[in-house]
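Student: Please find one structure pasted underneath; my questions will follow.
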Amino acid sequence: MLANRKIRVLVIDDSASVRQAMTTILQEDPEIEVIGAAPDPFSAARRIQEEVPDVITLDVEMPRMDGITFLRKLMSQCPVPVVMCSSLTEEGSETLLQAMEAGAVDVILKPRIGVADHLAEHNLQIRDVVKGASRARVRGRPSVREAKPEGPQRKLTADAVLPPPSGRAMSRTTEMVVCLGASTGGTEALREVLEALPANAPGVVVVQHMPENFTRAFAKRLNGLCEVDVKEAVDGDPVLRGHVLIAPGGKHLMLERQGARYHVAVKDGPLVSRHRPSVDVLFRSAARAAGSNAVGVIMTGMGDDGARGLLEMKQAGARTFAQDEASSIVFGMPKEAIARGAADRVIPLGAIARELLAATNR
């Protein structure tokens with residue numbers, strides 16, 4: 001495959017207006033080409049027979065065959081990176097989680113047609129998700145593209161939300177806190193890590209790039225699978241041993257300290273590294289509030305969100321880890337962190353739970 005070839009995308013959605021809007025958004029990026037737009041899976045299957053796309057955006061609810069059924073058939077016959085597309089109501093979140101388990105690599109919101117502010121804020125995210133999906137390893141399929149340098153569009157850093165760490169050493173406390181950050185491929189990677197934690201594990205705070213409402217269903221699902229208690233974070237929640245707090249979609253999550261205890265702050269704010277929640281924001285807050293009392297782990301995902309923050313955690317005395325390339329669906333965020341010297345160690349997904357427990361065991 002030629003390095004300069006565009007990412008070929010097939011859009012599948014029963015709504016003509018959504019197909020048009022998605023096509024317009026994606027083709028505004030010079031690296032993306034929409035090779036077709038299908039109203040249902042049967043039409044899509046005929047199009048795939050003519051040309052296999054690099055990425056498919058797939059609606060959940062469609063006539064003749066639902067998106068989950070089509071996804072499972074596709075993954076068993078012709079594995080292609082798939083991004084699920086939905087209006088994402090609370091009720092639909094559980095279905096989207098099933099899609100991630102079936103092999104989808106990410107999820108995006110349908111654009112709200114006619115709402116210019118929504119498109120202006122989310123079009124870059126939609127394109128970034130599709131680019132990330134094009135580099136994903138799907139059922140053993142090797143990555144076909146190396147991540148390209150960031151384009152000229154300006155990205156905000158964590159400075160937009162909170163100032164850098166002061167550089168003062170944080171005094172040791174009885175409890176430690178673990179901060180995890182992930183994006184593309186992170187839902188299943190986080191499940192593997194959190195399922196391996198014992199009921200008395202140190203408190204964990206997580207940023208996974210997700211839209212609104214999805215995080216609540218994600219936390220509920222994990223809570224039913226794990227020994228630790230998992231919930232979507234609410235402003236002021238304490239960080240407790242045996243508990244995991246997931247950043248709500250559309251909000252930044254920050255660690256704060258009061259005496260020897262930690263709690264979280266859930267805040268609005270601009271997109272940081274094109275994300276809200278942002279891993280950089282969480283990691284910087286951990287560097288400021290916890291210092292050497294924290295452990296930071298950056299996991300699978302596209303882009304560089306979290307790389308700067310992980311370095312700030314390391315400079316503040318925290319232990320830091322990055323997921324290795326072989327076990328990452330997309331080796332973007334960990335790669336950037338490693339390149340900056342932010343990771344003390346690079347470890348496979350299956351070893352993360354064990355290593356973070358060792359790092360927090362005084």
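Ordered as shown in the structure tokens, chains take letters A, B, and onward, while each chain numbers its residues from 1 and ligands are numbered from 1 in the order shown.
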Got a sec: who's within 10 Å of region 317-322 of chain A, counting only C-alpha atoms, leaving out chain neighbours fewer than 4 positions off, as a ChimeraX atom specification?

Tutor: /A:167,169-170,177-181,286-287,290-300,307,310-313,333-338,342-349,352,355-356,359-360

Student: If we count only C-alpha atoms and set the cut-off at 10 Å, which residues sit around Pro211 (chain A), ignoring sequence neighbours fewer than 3 positions away in its own chain? Please answer as a PDB file with N, CA, C and O atoms, in the first residue's frame.

Tutor:
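File produced: part-v3.pdb:
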```
ATOM      1  N   LEU A  88     -26.390   7.836  20.230  1.00  0.00           N
ATOM      2  CA  LEU A  88     -25.886   7.509  21.557  1.00  0.00           C
ATOM      3  C   LEU A  88     -26.772   8.009  22.696  1.00  0.00           C
ATOM      4  O   LEU A  88     -26.384   8.820  23.517  1.00  0.00           O
ATOM      5  N   SER A  93     -26.288   2.874  24.708  1.00  0.00           N
ATOM      6  CA  SER A  93     -24.909   2.695  25.133  1.00  0.00           C
ATOM      7  C   SER A  93     -24.562   1.226  25.335  1.00  0.00           C
ATOM      8  O   SER A  93     -23.453   0.784  25.015  1.00  0.00           O
ATOM      9  N   VAL A 107     -16.022   4.562  18.691  1.00  0.00           N
ATOM     10  CA  VAL A 107     -17.399   5.016  18.537  1.00  0.00           C
ATOM     11  C   VAL A 107     -17.395   6.526  18.362  1.00  0.00           C
ATOM     12  O   VAL A 107     -16.590   7.233  18.970  1.00  0.00           O
ATOM     13  N   ILE A 108     -18.264   7.023  17.491  1.00  0.00           N
ATOM     14  CA  ILE A 108     -18.434   8.459  17.316  1.00  0.00           C
ATOM     15  C   ILE A 108     -19.916   8.794  17.336  1.00  0.00           C
ATOM     16  O   ILE A 108     -20.767   7.953  17.068  1.00  0.00           O
ATOM     17  N   LEU A 109     -20.204  10.048  17.649  1.00  0.00           N
ATOM     18  CA  LEU A 109     -21.582  10.516  17.646  1.00  0.00           C
ATOM     19  C   LEU A 109     -21.997  10.925  16.251  1.00  0.00           C
ATOM     20  O   LEU A 109     -21.199  11.482  15.499  1.00  0.00           O
ATOM     21  N   GLN A 208     -10.846   7.524  29.629  1.00  0.00           N
ATOM     22  CA  GLN A 208     -10.972   6.809  28.358  1.00  0.00           C
ATOM     23  C   GLN A 208     -11.733   7.738  27.425  1.00  0.00           C
ATOM     24  O   GLN A 208     -12.806   8.220  27.773  1.00  0.00           O
ATOM     25  N   PHE A 214     -21.968   7.217  27.147  1.00  0.00           N
ATOM     26  CA  PHE A 214     -21.299   5.945  26.951  1.00  0.00           C
ATOM     27  C   PHE A 214     -20.519   5.542  28.197  1.00  0.00           C
ATOM     28  O   PHE A 214     -20.465   4.367  28.566  1.00  0.00           O
ATOM     29  N   THR A 215     -19.922   6.508  28.875  1.00  0.00           N
ATOM     30  CA  THR A 215     -19.076   6.186  30.028  1.00  0.00           C
ATOM     31  C   THR A 215     -19.872   5.588  31.185  1.00  0.00           C
ATOM     32  O   THR A 215     -19.357   4.756  31.927  1.00  0.00           O
ATOM     33  N   PRO A 248     -16.461  11.042  33.162  1.00  0.00           N
ATOM     34  CA  PRO A 248     -17.661  11.099  32.322  1.00  0.00           C
ATOM     35  C   PRO A 248     -17.350  11.703  30.960  1.00  0.00           C
ATOM     36  O   PRO A 248     -16.531  12.627  30.851  1.00  0.00           O
ATOM     37  N   GLY A 249     -17.973  11.174  29.915  1.00  0.00           N
ATOM     38  CA  GLY A 249     -17.771  11.720  28.587  1.00  0.00           C
ATOM     39  C   GLY A 249     -18.165  13.180  28.518  1.00  0.00           C
ATOM     40  O   GLY A 249     -19.166  13.595  29.102  1.00  0.00           O
ATOM     41  N   GLY A 250     -17.355  13.975  27.827  1.00  0.00           N
ATOM     42  CA  GLY A 250     -17.656  15.391  27.675  1.00  0.00           C
ATOM     43  C   GLY A 250     -17.200  16.259  28.829  1.00  0.00           C
ATOM     44  O   GLY A 250     -17.442  17.473  28.814  1.00  0.00           O
ATOM     45  N   LYS A 251     -16.522  15.686  29.839  1.00  0.00           N
ATOM     46  CA  LYS A 251     -16.049  16.440  31.001  1.00  0.00           C
ATOM     47  C   LYS A 251     -14.589  16.087  31.281  1.00  0.00           C
ATOM     48  O   LYS A 251     -14.159  14.951  31.063  1.00  0.00           O
ATOM     49  N   HIS A 275      -9.441  16.581  22.990  1.00  0.00           N
ATOM     50  CA  HIS A 275     -10.283  15.650  23.731  1.00  0.00           C
ATOM     51  C   HIS A 275     -10.841  16.294  25.003  1.00  0.00           C
ATOM     52  O   HIS A 275     -10.217  17.147  25.628  1.00  0.00           O
ATOM     53  N   ARG A 276     -12.021  15.831  25.379  1.00  0.00           N
ATOM     54  CA  ARG A 276     -12.632  16.143  26.671  1.00  0.00           C
ATOM     55  C   ARG A 276     -13.506  14.961  27.030  1.00  0.00           C
ATOM     56  O   ARG A 276     -14.546  14.772  26.404  1.00  0.00           O
ATOM     57  N   PRO A 277     -13.085  14.085  27.960  1.00  0.00           N
ATOM     58  CA  PRO A 277     -11.965  14.259  28.880  1.00  0.00           C
ATOM     59  C   PRO A 277     -10.613  14.077  28.198  1.00  0.00           C
ATOM     60  O   PRO A 277     -10.513  13.393  27.179  1.00  0.00           O
TER      61      PRO A 277
END
```

Student: Any idea what's packed within 12 Å of Ala44 (chain A), counting only C-alpha atoms, ignoring anything in its chain fewer than 3 positions away? Could you give it as a VMD selection string?

Tutor: chain A and resid 9 to 14 35 to 41 47 to 53 56 to 59 62 64 to 65 67 70 to 71 74

Student: How would the residues just picked look written out with C-alpha atoms as a PDB file, in the first residue's frame?

Tutor:
```pdb
ATOM      1  CA  VAL A   9     -13.893   5.096   4.113  1.00  0.00           C
ATOM      2  CA  LEU A  10     -17.291   3.483   3.574  1.00  0.00           C
ATOM      3  CA  VAL A  11     -20.172   5.198   5.399  1.00  0.00           C
ATOM      4  CA  ILE A  12     -23.148   2.983   6.328  1.00  0.00           C
ATOM      5  CA  ASP A  13     -26.250   4.720   7.705  1.00  0.00           C
ATOM      6  CA  ASP A  14     -29.943   4.510   6.873  1.00  0.00           C
ATOM      7  CA  ILE A  35     -15.454   5.680  -1.445  1.00  0.00           C
ATOM      8  CA  GLY A  36     -19.163   5.105  -0.851  1.00  0.00           C
ATOM      9  CA  ALA A  37     -22.202   5.640   1.343  1.00  0.00           C
ATOM     10  CA  ALA A  38     -24.624   2.752   1.842  1.00  0.00           C
ATOM     11  CA  PRO A  39     -28.137   2.872   3.368  1.00  0.00           C
ATOM     12  CA  ASP A  40     -27.994  -0.667   4.822  1.00  0.00           C
ATOM     13  CA  PRO A  41     -25.633  -3.641   5.344  1.00  0.00           C
ATOM     14  CA  ARG A  47     -19.832  -2.261  -2.218  1.00  0.00           C
ATOM     15  CA  ILE A  48     -17.221  -4.131  -0.170  1.00  0.00           C
ATOM     16  CA  GLN A  49     -17.107  -6.873  -2.819  1.00  0.00           C
ATOM     17  CA  GLU A  50     -16.058  -4.229  -5.326  1.00  0.00           C
ATOM     18  CA  GLU A  51     -13.501  -2.519  -3.059  1.00  0.00           C
ATOM     19  CA  VAL A  52     -12.514  -3.257   0.531  1.00  0.00           C
ATOM     20  CA  PRO A  53     -12.315   0.028   2.474  1.00  0.00           C
ATOM     21  CA  ILE A  56     -16.133   1.576   7.869  1.00  0.00           C
ATOM     22  CA  THR A  57     -18.394   3.886   9.861  1.00  0.00           C
ATOM     23  CA  LEU A  58     -21.429   1.833  10.834  1.00  0.00           C
ATOM     24  CA  ASP A  59     -24.782   2.886  12.238  1.00  0.00           C
ATOM     25  CA  MET A  62     -30.715   0.046  10.452  1.00  0.00           C
ATOM     26  CA  ARG A  64     -32.963  -5.292   7.066  1.00  0.00           C
ATOM     27  CA  MET A  65     -30.015  -6.034   9.377  1.00  0.00           C
ATOM     28  CA  GLY A  67     -25.332  -2.969  12.835  1.00  0.00           C
ATOM     29  CA  PHE A  70     -23.441  -7.012  10.323  1.00  0.00           C
ATOM     30  CA  LEU A  71     -20.318  -6.253  12.371  1.00  0.00           C
ATOM     31  CA  LEU A  74     -17.888  -8.731   8.732  1.00  0.00           C
TER      32      LEU A  74
END
```

Student: If we count only C-alpha atoms, what is near region 262-269 of chain A at a cut-off of 9 Å, once residues fewer than 3 positions away on the same chain are taken out, given as a PyMOL selection string?

Tutor: chain A and resi 160-161+175+177+205+233-240+245+247-248+250-259+272+276+289-290

Student: Using DSSP assignments from the backbone, pull out every residue in region 186-342 of chain A that falls under alpha helix (DSSP H) and give it to me as a CSV table (one decimal) with N, CA, C and O atoms, in the first residue's frame.

Tutor:
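What follows is the written file out27.csv:
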```csv
chain,number,residue,atom,x,y,z
A,186,GLY,N,-9.2,1.1,23.9
A,186,GLY,CA,-9.0,1.1,25.3
A,186,GLY,C,-10.1,0.5,26.1
A,186,GLY,O,-9.9,0.0,27.3
A,187,THR,N,-11.3,0.4,25.6
A,187,THR,CA,-12.4,-0.2,26.3
A,187,THR,C,-12.1,-1.7,26.8
A,187,THR,O,-12.3,-2.0,27.9
A,188,GLU,N,-11.6,-2.5,25.8
A,188,GLU,CA,-11.3,-3.8,26.1
A,188,GLU,C,-10.0,-4.0,26.9
A,188,GLU,O,-9.8,-4.8,27.8
A,189,ALA,N,-9.0,-3.1,26.6
A,189,ALA,CA,-7.8,-3.1,27.3
A,189,ALA,C,-8.0,-2.7,28.8
A,189,ALA,O,-7.4,-3.4,29.7
A,190,LEU,N,-8.8,-1.7,29.0
A,190,LEU,CA,-9.1,-1.4,30.4
A,190,LEU,C,-9.8,-2.5,31.2
A,190,LEU,O,-9.6,-2.7,32.3
A,191,ARG,N,-10.7,-3.1,30.5
A,191,ARG,CA,-11.4,-4.2,31.1
A,191,ARG,C,-10.4,-5.3,31.5
A,191,ARG,O,-10.5,-5.8,32.7
A,192,GLU,N,-9.5,-5.6,30.7
A,192,GLU,CA,-8.5,-6.7,31.1
A,192,GLU,C,-7.7,-6.2,32.3
A,192,GLU,O,-7.4,-7.0,33.2
A,193,VAL,N,-7.3,-5.0,32.4
A,193,VAL,CA,-6.5,-4.5,33.5
A,193,VAL,C,-7.3,-4.5,34.8
A,193,VAL,O,-6.9,-5.0,35.8
A,194,LEU,N,-8.5,-3.9,34.7
A,194,LEU,CA,-9.3,-3.7,35.9
A,194,LEU,C,-9.9,-5.1,36.4
A,194,LEU,O,-10.0,-5.3,37.6
A,195,GLU,N,-10.1,-6.0,35.5
A,195,GLU,CA,-10.6,-7.3,36.0
A,195,GLU,C,-9.5,-8.1,36.8
A,195,GLU,O,-9.8,-8.9,37.6
A,214,PHE,N,-22.0,7.2,27.1
A,214,PHE,CA,-21.3,5.9,27.0
A,214,PHE,C,-20.5,5.5,28.2
A,214,PHE,O,-20.5,4.4,28.6
A,215,THR,N,-19.9,6.5,28.9
A,215,THR,CA,-19.1,6.2,30.0
A,215,THR,C,-19.9,5.6,31.2
A,215,THR,O,-19.4,4.8,31.9
A,216,ARG,N,-21.1,6.0,31.3
A,216,ARG,CA,-21.9,5.5,32.4
A,216,ARG,C,-22.2,4.0,32.2
A,216,ARG,O,-22.1,3.2,33.1
A,217,ALA,N,-22.6,3.6,31.0
A,217,ALA,CA,-22.8,2.2,30.7
A,217,ALA,C,-21.5,1.4,30.7
A,217,ALA,O,-21.5,0.3,31.2
A,218,PHE,N,-20.4,2.0,30.3
A,218,PHE,CA,-19.1,1.4,30.4
A,218,PHE,C,-18.7,1.1,31.8
A,218,PHE,O,-18.3,-0.1,32.2
A,219,ALA,N,-18.9,2.0,32.7
A,219,ALA,CA,-18.6,1.8,34.1
A,219,ALA,C,-19.5,0.8,34.7
A,219,ALA,O,-19.0,-0.1,35.5
A,220,LYS,N,-20.8,0.8,34.4
A,220,LYS,CA,-21.7,-0.2,34.9
A,220,LYS,C,-21.3,-1.6,34.5
A,220,LYS,O,-21.3,-2.6,35.2
A,221,ARG,N,-20.9,-1.8,33.2
A,221,ARG,CA,-20.5,-3.1,32.7
A,221,ARG,C,-19.2,-3.5,33.4
A,221,ARG,O,-19.2,-4.7,33.9
A,222,LEU,N,-18.3,-2.7,33.6
A,222,LEU,CA,-17.0,-3.1,34.3
A,222,LEU,C,-17.3,-3.4,35.8
A,222,LEU,O,-16.7,-4.4,36.3
A,223,ASN,N,-18.2,-2.7,36.4
A,223,ASN,CA,-18.6,-3.0,37.8
A,223,ASN,C,-19.1,-4.4,38.0
A,223,ASN,O,-18.9,-5.0,39.0
A,224,GLY,N,-19.8,-4.9,36.9
A,224,GLY,CA,-20.3,-6.3,37.0
A,224,GLY,C,-19.3,-7.3,36.7
A,224,GLY,O,-19.5,-8.5,37.0
A,225,LEU,N,-18.1,-6.9,36.2
A,225,LEU,CA,-17.1,-7.9,35.9
A,225,LEU,C,-15.9,-7.9,36.8
A,225,LEU,O,-15.2,-8.9,36.9
A,279,VAL,N,-6.5,13.0,28.8
A,279,VAL,CA,-5.6,12.3,29.6
A,279,VAL,C,-4.5,13.2,30.2
A,279,VAL,O,-4.1,13.2,31.3
A,280,ASP,N,-4.1,14.2,29.3
A,280,ASP,CA,-3.1,15.2,29.8
A,280,ASP,C,-3.6,16.0,31.0
A,280,ASP,O,-2.9,16.3,31.9
A,281,VAL,N,-4.9,16.3,31.0
A,281,VAL,CA,-5.5,17.0,32.2
A,281,VAL,C,-5.4,16.2,33.4
A,281,VAL,O,-5.0,16.6,34.5
A,282,LEU,N,-5.9,14.9,33.3
A,282,LEU,CA,-5.8,14.0,34.5
A,282,LEU,C,-4.4,13.9,35.0
A,282,LEU,O,-4.1,14.0,36.2
A,283,PHE,N,-3.5,13.6,34.1
A,283,PHE,CA,-2.1,13.3,34.5
A,283,PHE,C,-1.4,14.6,35.1
A,283,PHE,O,-0.7,14.5,36.1
A,284,ARG,N,-1.7,15.7,34.5
A,284,ARG,CA,-1.1,16.9,35.1
A,284,ARG,C,-1.7,17.1,36.5
A,284,ARG,O,-0.9,17.5,37.4
A,285,SER,N,-3.0,16.9,36.7
A,285,SER,CA,-3.6,17.1,38.0
A,285,SER,C,-3.0,16.2,39.0
A,285,SER,O,-2.8,16.5,40.2
A,286,ALA,N,-2.6,14.9,38.5
A,286,ALA,CA,-2.0,14.0,39.4
A,286,ALA,C,-0.6,14.4,39.8
A,286,ALA,O,-0.1,14.2,40.9
A,287,ALA,N,0.1,15.0,38.8
A,287,ALA,CA,1.5,15.5,39.1
A,287,ALA,C,1.4,16.6,40.2
A,287,ALA,O,2.2,16.6,41.1
A,288,ARG,N,0.4,17.4,40.1
A,288,ARG,CA,0.3,18.6,41.0
A,288,ARG,C,-0.2,18.1,42.4
A,288,ARG,O,0.3,18.5,43.4
A,289,ALA,N,-1.2,17.2,42.4
A,289,ALA,CA,-1.8,16.8,43.7
A,289,ALA,C,-1.2,15.6,44.4
A,289,ALA,O,-1.2,15.6,45.6
A,307,ALA,N,0.8,12.1,26.7
A,307,ALA,CA,2.3,12.0,26.7
A,307,ALA,C,2.9,13.1,27.5
A,307,ALA,O,3.9,12.8,28.3
A,308,ARG,N,2.5,14.4,27.4
A,308,ARG,CA,3.1,15.5,28.2
A,308,ARG,C,2.7,15.3,29.7
A,308,ARG,O,3.6,15.5,30.5
A,309,GLY,N,1.5,14.9,29.9
A,309,GLY,CA,1.1,14.7,31.3
A,309,GLY,C,1.8,13.6,32.0
A,309,GLY,O,2.2,13.7,33.2
A,310,LEU,N,2.1,12.5,31.3
A,310,LEU,CA,2.9,11.4,31.9
A,310,LEU,C,4.3,11.8,32.2
A,310,LEU,O,4.8,11.5,33.3
A,311,LEU,N,4.9,12.6,31.4
A,311,LEU,CA,6.2,13.2,31.7
A,311,LEU,C,6.2,14.1,32.9
A,311,LEU,O,7.1,14.0,33.8
A,312,GLU,N,5.1,14.9,33.0
A,312,GLU,CA,5.0,15.7,34.2
A,312,GLU,C,4.8,14.9,35.5
A,312,GLU,O,5.4,15.2,36.6
A,313,MET,N,4.1,13.7,35.4
A,313,MET,CA,4.0,12.8,36.5
A,313,MET,C,5.3,12.3,36.9
A,313,MET,O,5.7,12.2,38.1
A,314,LYS,N,6.1,11.8,35.9
A,314,LYS,CA,7.4,11.3,36.2
A,314,LYS,C,8.3,12.3,36.8
A,314,LYS,O,9.1,12.0,37.8
A,315,GLN,N,8.3,13.5,36.3
A,315,GLN,CA,9.1,14.6,36.9
A,315,GLN,C,8.7,14.9,38.3
A,315,GLN,O,9.6,15.4,39.1
A,333,MET,N,-0.5,7.0,21.4
A,333,MET,CA,-0.3,7.6,22.7
A,333,MET,C,0.9,7.1,23.4
A,333,MET,O,1.8,7.8,23.9
A,334,PRO,N,1.0,5.7,23.6
A,334,PRO,CA,2.2,5.2,24.3
A,334,PRO,C,3.5,5.5,23.5
A,334,PRO,O,4.5,5.8,24.2
A,335,LYS,N,3.5,5.5,22.2
A,335,LYS,CA,4.7,5.8,21.4
A,335,LYS,C,5.1,7.2,21.7
A,335,LYS,O,6.3,7.4,21.8
A,336,GLU,N,4.2,8.1,21.7
A,336,GLU,CA,4.6,9.5,22.0
A,336,GLU,C,5.1,9.7,23.4
A,336,GLU,O,6.1,10.4,23.6
A,337,ALA,N,4.5,9.0,24.3
A,337,ALA,CA,5.0,9.1,25.7
A,337,ALA,C,6.5,8.5,25.8
A,337,ALA,O,7.3,9.1,26.5
A,338,ILE,N,6.7,7.4,25.2
A,338,ILE,CA,8.0,6.8,25.2
A,338,ILE,C,9.0,7.7,24.6
A,338,ILE,O,10.1,7.8,25.1
A,339,ALA,N,8.7,8.3,23.4
A,339,ALA,CA,9.6,9.2,22.7
A,339,ALA,C,10.0,10.4,23.6
A,339,ALA,O,11.1,10.9,23.4
```

Student: Using only C-alpha atoms for the distances, tell me which of A:Leu197, A:Ile126, A:Val207, A:Ala351 is nearest to His243 (chain A).

Tutor: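 Comparing A:Leu197, A:Ile126, A:Val207, A:Ala351 against His243 (chain A), the winner is A:Leu197.
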
Student: Given the choices A:Pro63, A:Ser278, A:Pro270, A:Arg241, which gets closest to Met176 (chain A) if the distance is worked out from only C-alpha atoms?

Tutor: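 Ranking A:Pro63, A:Ser278, A:Pro270, A:Arg241 by distance to Met176 (chain A), first place goes to A:Arg241.
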